[in-house]
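Engineer: To start, I am sharing the structure in question, which I have written as structure tokens.
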Amino acid sequence: CEAGAGGHEIPELIYTEILDEEGLSVTPGELGEITVTPFGQEAMPLLRYRTGDLARLHVEKCICGRSTRRLGPIEGRKHQMIKWKGTTVYPQQIENALNTKYVNYLIKVSTDDLGLDKLTIVFSDQLSLGELEEIALLLAQKIRVKPIMEQASIDHIRKELFPSGSRKPKRFIDSRI
């Protein structure tokens, strides 16, 4: 959309649903899994294909003037969901909060002794204590969680960001059991 208010659905080509865990439609504006039925497939039709992406569907008239349904931005992946101290967080939300100012960091998720998710963000050891506190405040405001903050050398972070043979950074490291 030119107004930046989401992606308009083309009803002649695709039908989009947002579903909850049980496969039921959620109310407009509620977060759920994108499920699509494309109408143009001939060789292998797809019916209610669950993508694993999480987003919101908006049905109200857009500020650009169009009245078709709109799909909001992808807020995460279903299998990457992190439950941290009673709050559901997705790595994409953390990246969206940090990418405006920081580039050298890793998001690590592991399992603690009780079998719960443990969320750690590793930053460069070149950041001061004040900068780390500023980041913690930013995350608390944007995503309503305060993860464990650690520091490591910039070389260590870059080595994990770009595993051998990879040109694309791998910022999210999931080592849950």
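Ligands are numbered from 1 in the order shown, residues from 1 within each chain, and chains are lettered A, B, ... in the order they appear in the structure tokens.
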Fewer than 2 positions away in the same chain doesn't count, so skip those; otherwise give me all residues within 8 Å of range 153-162 of chain A, counting only C-alpha atoms, as a list in words.

Structural biologist: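 Near range 153-162 of chain A, the qualifying residues are Asn104, Tyr105, Leu106, Val122, Phe123, Ser124, Asp125, Gln126, Gln151, Ser164, Gly165, Ser166, Arg167, Lys168, Pro169, Lys170 and Arg171 of chain A.
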
Engineer: Would you write out those residues with N, CA, C and O atoms, as a JSON list (two decimals), in the first residue's frame?

Structural biologist:
```json
[["chain", "number", "residue", "atom", "x", "y", "z"],
["A", 104, "ASN", "N", 25.50, -5.37, 15.70],
["A", 104, "ASN", "CA", 26.30, -6.49, 16.20],
["A", 104, "ASN", "C", 25.69, -7.04, 17.49],
["A", 104, "ASN", "O", 26.07, -6.62, 18.59],
["A", 105, "TYR", "N", 24.76, -7.96, 17.35],
["A", 105, "TYR", "CA", 24.15, -8.62, 18.50],
["A", 105, "TYR", "C", 23.64, -9.99, 18.07],
["A", 105, "TYR", "O", 23.44, -10.25, 16.89],
["A", 106, "LEU", "N", 23.43, -10.85, 19.04],
["A", 106, "LEU", "CA", 22.87, -12.18, 18.82],
["A", 106, "LEU", "C", 21.70, -12.38, 19.76],
["A", 106, "LEU", "O", 21.74, -11.93, 20.90],
["A", 122, "VAL", "N", 23.22, -11.09, 23.23],
["A", 122, "VAL", "CA", 24.65, -10.87, 23.37],
["A", 122, "VAL", "C", 25.03, -9.64, 22.54],
["A", 122, "VAL", "O", 24.77, -9.60, 21.33],
["A", 123, "PHE", "N", 25.66, -8.67, 23.21],
["A", 123, "PHE", "CA", 26.10, -7.44, 22.56],
["A", 123, "PHE", "C", 27.62, -7.36, 22.59],
["A", 123, "PHE", "O", 28.28, -8.07, 23.34],
["A", 124, "SER", "N", 28.14, -6.44, 21.83],
["A", 124, "SER", "CA", 29.58, -6.21, 21.78],
["A", 124, "SER", "C", 30.08, -5.71, 23.13],
["A", 124, "SER", "O", 29.41, -4.92, 23.81],
["A", 125, "ASP", "N", 31.29, -6.16, 23.51],
["A", 125, "ASP", "CA", 31.88, -5.69, 24.76],
["A", 125, "ASP", "C", 32.40, -4.26, 24.63],
["A", 125, "ASP", "O", 32.91, -3.68, 25.58],
["A", 126, "GLN", "N", 32.22, -3.67, 23.46],
["A", 126, "GLN", "CA", 32.60, -2.27, 23.26],
["A", 126, "GLN", "C", 31.53, -1.31, 23.75],
["A", 126, "GLN", "O", 31.77, -0.11, 23.83],
["A", 151, "GLN", "N", 27.73, -9.72, 27.18],
["A", 151, "GLN", "CA", 28.65, -9.08, 26.25],
["A", 151, "GLN", "C", 29.72, -10.09, 25.81],
["A", 151, "GLN", "O", 30.09, -10.97, 26.57],
["A", 164, "SER", "N", 30.32, -20.51, 8.96],
["A", 164, "SER", "CA", 31.16, -20.80, 7.79],
["A", 164, "SER", "C", 30.32, -21.07, 6.55],
["A", 164, "SER", "O", 29.36, -21.84, 6.58],
["A", 165, "GLY", "N", 30.67, -20.40, 5.47],
["A", 165, "GLY", "CA", 30.00, -20.59, 4.20],
["A", 165, "GLY", "C", 28.71, -19.79, 4.03],
["A", 165, "GLY", "O", 28.06, -19.87, 3.01],
["A", 166, "SER", "N", 28.34, -18.99, 5.02],
["A", 166, "SER", "CA", 27.09, -18.24, 4.95],
["A", 166, "SER", "C", 27.36, -16.77, 4.68],
["A", 166, "SER", "O", 28.26, -16.18, 5.26],
["A", 167, "ARG", "N", 26.57, -16.19, 3.80],
["A", 167, "ARG", "CA", 26.66, -14.76, 3.53],
["A", 167, "ARG", "C", 25.56, -13.99, 4.23],
["A", 167, "ARG", "O", 25.60, -12.78, 4.33],
["A", 168, "LYS", "N", 24.55, -14.72, 4.67],
["A", 168, "LYS", "CA", 23.41, -14.10, 5.35],
["A", 168, "LYS", "C", 23.60, -14.24, 6.87],
["A", 168, "LYS", "O", 23.91, -15.32, 7.35],
["A", 169, "PRO", "N", 23.41, -13.15, 7.62],
["A", 169, "PRO", "CA", 23.62, -13.25, 9.07],
["A", 169, "PRO", "C", 22.57, -14.15, 9.73],
["A", 169, "PRO", "O", 21.41, -14.12, 9.38],
["A", 170, "LYS", "N", 23.03, -14.93, 10.69],
["A", 170, "LYS", "CA", 22.13, -15.78, 11.48],
["A", 170, "LYS", "C", 22.12, -15.20, 12.89],
["A", 170, "LYS", "O", 22.95, -15.54, 13.72],
["A", 171, "ARG", "N", 21.20, -14.30, 13.13],
["A", 171, "ARG", "CA", 21.13, -13.55, 14.37],
["A", 171, "ARG", "C", 20.41, -14.31, 15.48],
["A", 171, "ARG", "O", 20.64, -14.09, 16.65]]
```

Engineer: Which polymer residues have any atom within 12 Å of an atom of His79 in chain A, counting only C-alpha atoms, with same-chain residues fewer than 3 positions away left out, as a PDB file with N, CA and C atoms, in the first residue's frame?

Structural biologist:
```pdb
ATOM      1  N   GLU A  21      -4.330 -21.316  17.303  1.00  0.00           N
ATOM      2  CA  GLU A  21      -3.713 -22.646  17.456  1.00  0.00           C
ATOM      3  C   GLU A  21      -4.660 -23.791  17.098  1.00  0.00           C
ATOM      4  N   GLU A  33      -1.788 -17.106  12.792  1.00  0.00           N
ATOM      5  CA  GLU A  33      -1.003 -17.679  11.700  1.00  0.00           C
ATOM      6  C   GLU A  33      -1.666 -17.401  10.357  1.00  0.00           C
ATOM      7  N   THR A  51       1.168 -21.068   6.623  1.00  0.00           N
ATOM      8  CA  THR A  51       2.513 -20.617   6.282  1.00  0.00           C
ATOM      9  C   THR A  51       3.493 -20.652   7.446  1.00  0.00           C
ATOM     10  N   GLY A  52       3.011 -20.601   8.672  1.00  0.00           N
ATOM     11  CA  GLY A  52       3.886 -20.520   9.831  1.00  0.00           C
ATOM     12  C   GLY A  52       4.227 -19.089  10.207  1.00  0.00           C
ATOM     13  N   ASP A  53       3.857 -18.123   9.356  1.00  0.00           N
ATOM     14  CA  ASP A  53       4.087 -16.706   9.646  1.00  0.00           C
ATOM     15  C   ASP A  53       2.951 -16.170  10.498  1.00  0.00           C
ATOM     16  N   LEU A  54       3.268 -15.231  11.383  1.00  0.00           N
ATOM     17  CA  LEU A  54       2.275 -14.629  12.261  1.00  0.00           C
ATOM     18  C   LEU A  54       2.073 -13.170  11.885  1.00  0.00           C
ATOM     19  N   GLY A  76       6.393 -12.504  13.301  1.00  0.00           N
ATOM     20  CA  GLY A  76       7.203 -13.611  13.790  1.00  0.00           C
ATOM     21  C   GLY A  76       6.874 -14.898  13.068  1.00  0.00           C
ATOM     22  N   ILE A  82       8.873 -17.390  21.677  1.00  0.00           N
ATOM     23  CA  ILE A  82       9.610 -17.463  22.934  1.00  0.00           C
ATOM     24  C   ILE A  82       8.659 -17.030  24.044  1.00  0.00           C
ATOM     25  N   LYS A  83       8.528 -17.844  25.083  1.00  0.00           N
ATOM     26  CA  LYS A  83       7.755 -17.463  26.268  1.00  0.00           C
ATOM     27  C   LYS A  83       8.757 -17.044  27.326  1.00  0.00           C
ATOM     28  N   VAL A  89       7.182 -13.512  22.936  1.00  0.00           N
ATOM     29  CA  VAL A  89       8.068 -12.654  22.150  1.00  0.00           C
ATOM     30  C   VAL A  89       8.539 -13.445  20.940  1.00  0.00           C
ATOM     31  N   TYR A  90       8.753 -12.748  19.838  1.00  0.00           N
ATOM     32  CA  TYR A  90       9.298 -13.346  18.626  1.00  0.00           C
ATOM     33  C   TYR A  90      10.610 -12.646  18.293  1.00  0.00           C
ATOM     34  N   PRO A  91      11.604 -13.376  17.774  1.00  0.00           N
ATOM     35  CA  PRO A  91      12.888 -12.756  17.436  1.00  0.00           C
ATOM     36  C   PRO A  91      12.744 -11.537  16.522  1.00  0.00           C
ATOM     37  N   ASP A 174      18.628 -20.761  18.307  1.00  0.00           N
ATOM     38  CA  ASP A 174      17.666 -21.483  19.135  1.00  0.00           C
ATOM     39  C   ASP A 174      18.271 -22.818  19.536  1.00  0.00           C
ATOM     40  N   ARG A 176      16.967 -24.662  22.173  1.00  0.00           N
ATOM     41  CA  ARG A 176      16.017 -25.325  23.080  1.00  0.00           C
ATOM     42  C   ARG A 176      15.944 -26.803  22.762  1.00  0.00           C
TER      43      ARG A 176
END
```

Engineer: Determine which residues of chain A receive a DSSP assignment of strand (DSSP E or B), computed from the backbone, and state them as a PyMOL selection string.

Structural biologist: chain A and resi 7-8+14-19+25+32-38+49-55+57-58+70-71+76-77+82-84+87-89+105-111+117-124+148-152+172-174

Engineer: Would you return as a list in words the members of range 115-158 of chain A that DSSP assigns to helix (DSSP H, G or I) on this structure's backbone?

Structural biologist: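 Those in range 115-158 of chain A that DSSP calls helix (DSSP H, G or I) are Leu129, Gly130, Glu131, Leu132, Glu133, Glu134, Ile135, Ala136, Leu137, Leu138, Leu139, Ala140, Gln141, Lys142, Ile143, Ile154, Asp155, His156, Ile157 and Arg158 of chain A.
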
Engineer: I'd like to know which of A:Gln92, A:Ser67, A:Thr120, A:Thr35 is closest to Pro147 in chain A, using only C-alpha atoms.

Structural biologist: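 Checking each candidate against Pro147 in chain A, we get A:Thr120 as the closest.
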
Engineer: Quick one: residues within 7 Å of His8 in chain A, only C-alpha atoms counted, chain neighbours fewer than 4 positions away excluded, as a list in words?

Structural biologist: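 Skipping anything fewer than 4 positions along the chain leaves Cys1, Thr68, Arg69, Arg70 and Leu71 of chain A.
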
Engineer: With distances taken over only C-alpha atoms, which residue among A:Pro45, A:Gly115, A:Gly32, A:Gly72 lies nearest Ile14 in chain A?

Structural biologist: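 With only C-alpha atoms as the atom set, the closest residue is A:Pro45.
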
Engineer: What is the distance, in Å and to one decimal place, between CA of Leu139 in chain A and CA of Leu19 in chain A?

Structural biologist: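 Computing the Euclidean distance for CA of Leu139 in chain A and CA of Leu19 in chain A yields 27.6 Å.
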
Engineer: Applying 12 Å and only C-alpha atoms, which residues near Ala5 in chain A remain after dropping the ones on its own chain fewer than 5 positions away? List them as a PyMOL selection string.

Structural biologist: chain A and resi 56-66+68-73

Engineer: For CA of Asp117 in chain A and CA of Ile148 in chain A, quote the distance in Å rounded to one decimal.

Structural biologist: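 Between CA of Asp117 in chain A and CA of Ile148 in chain A the gap is 11.6 Å.
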
Engineer: Would you compute the distance between CA of Ser110 in chain A and CA of Thr87 in chain A? Give it in Å to one decimal.

Structural biologist: 15.8 Å

Engineer: From the list A:Leu137, A:Met81, A:Ile74, A:Ala3, which residue is nearest Ile18 in chain A when using only C-alpha atoms?

Structural biologist: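 Ranking A:Leu137, A:Met81, A:Ile74, A:Ala3 by distance to Ile18 in chain A, first place goes to A:Ile74.
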
Engineer: Need to verify the contact set: Ile143 in chain A, 10 Å, only C-alpha atoms, exclusion of same-chain residues closer than 2 positions in sequence. Can you return it as a list of chain:residue names?

Structural biologist: A:Thr87, A:Thr88, A:Val89, A:Tyr90, A:Gln93, A:Ile94, A:Asn96, A:Ala97, A:Leu138, A:Leu139, A:Ala140, A:Gln141, A:Val145, A:Lys146
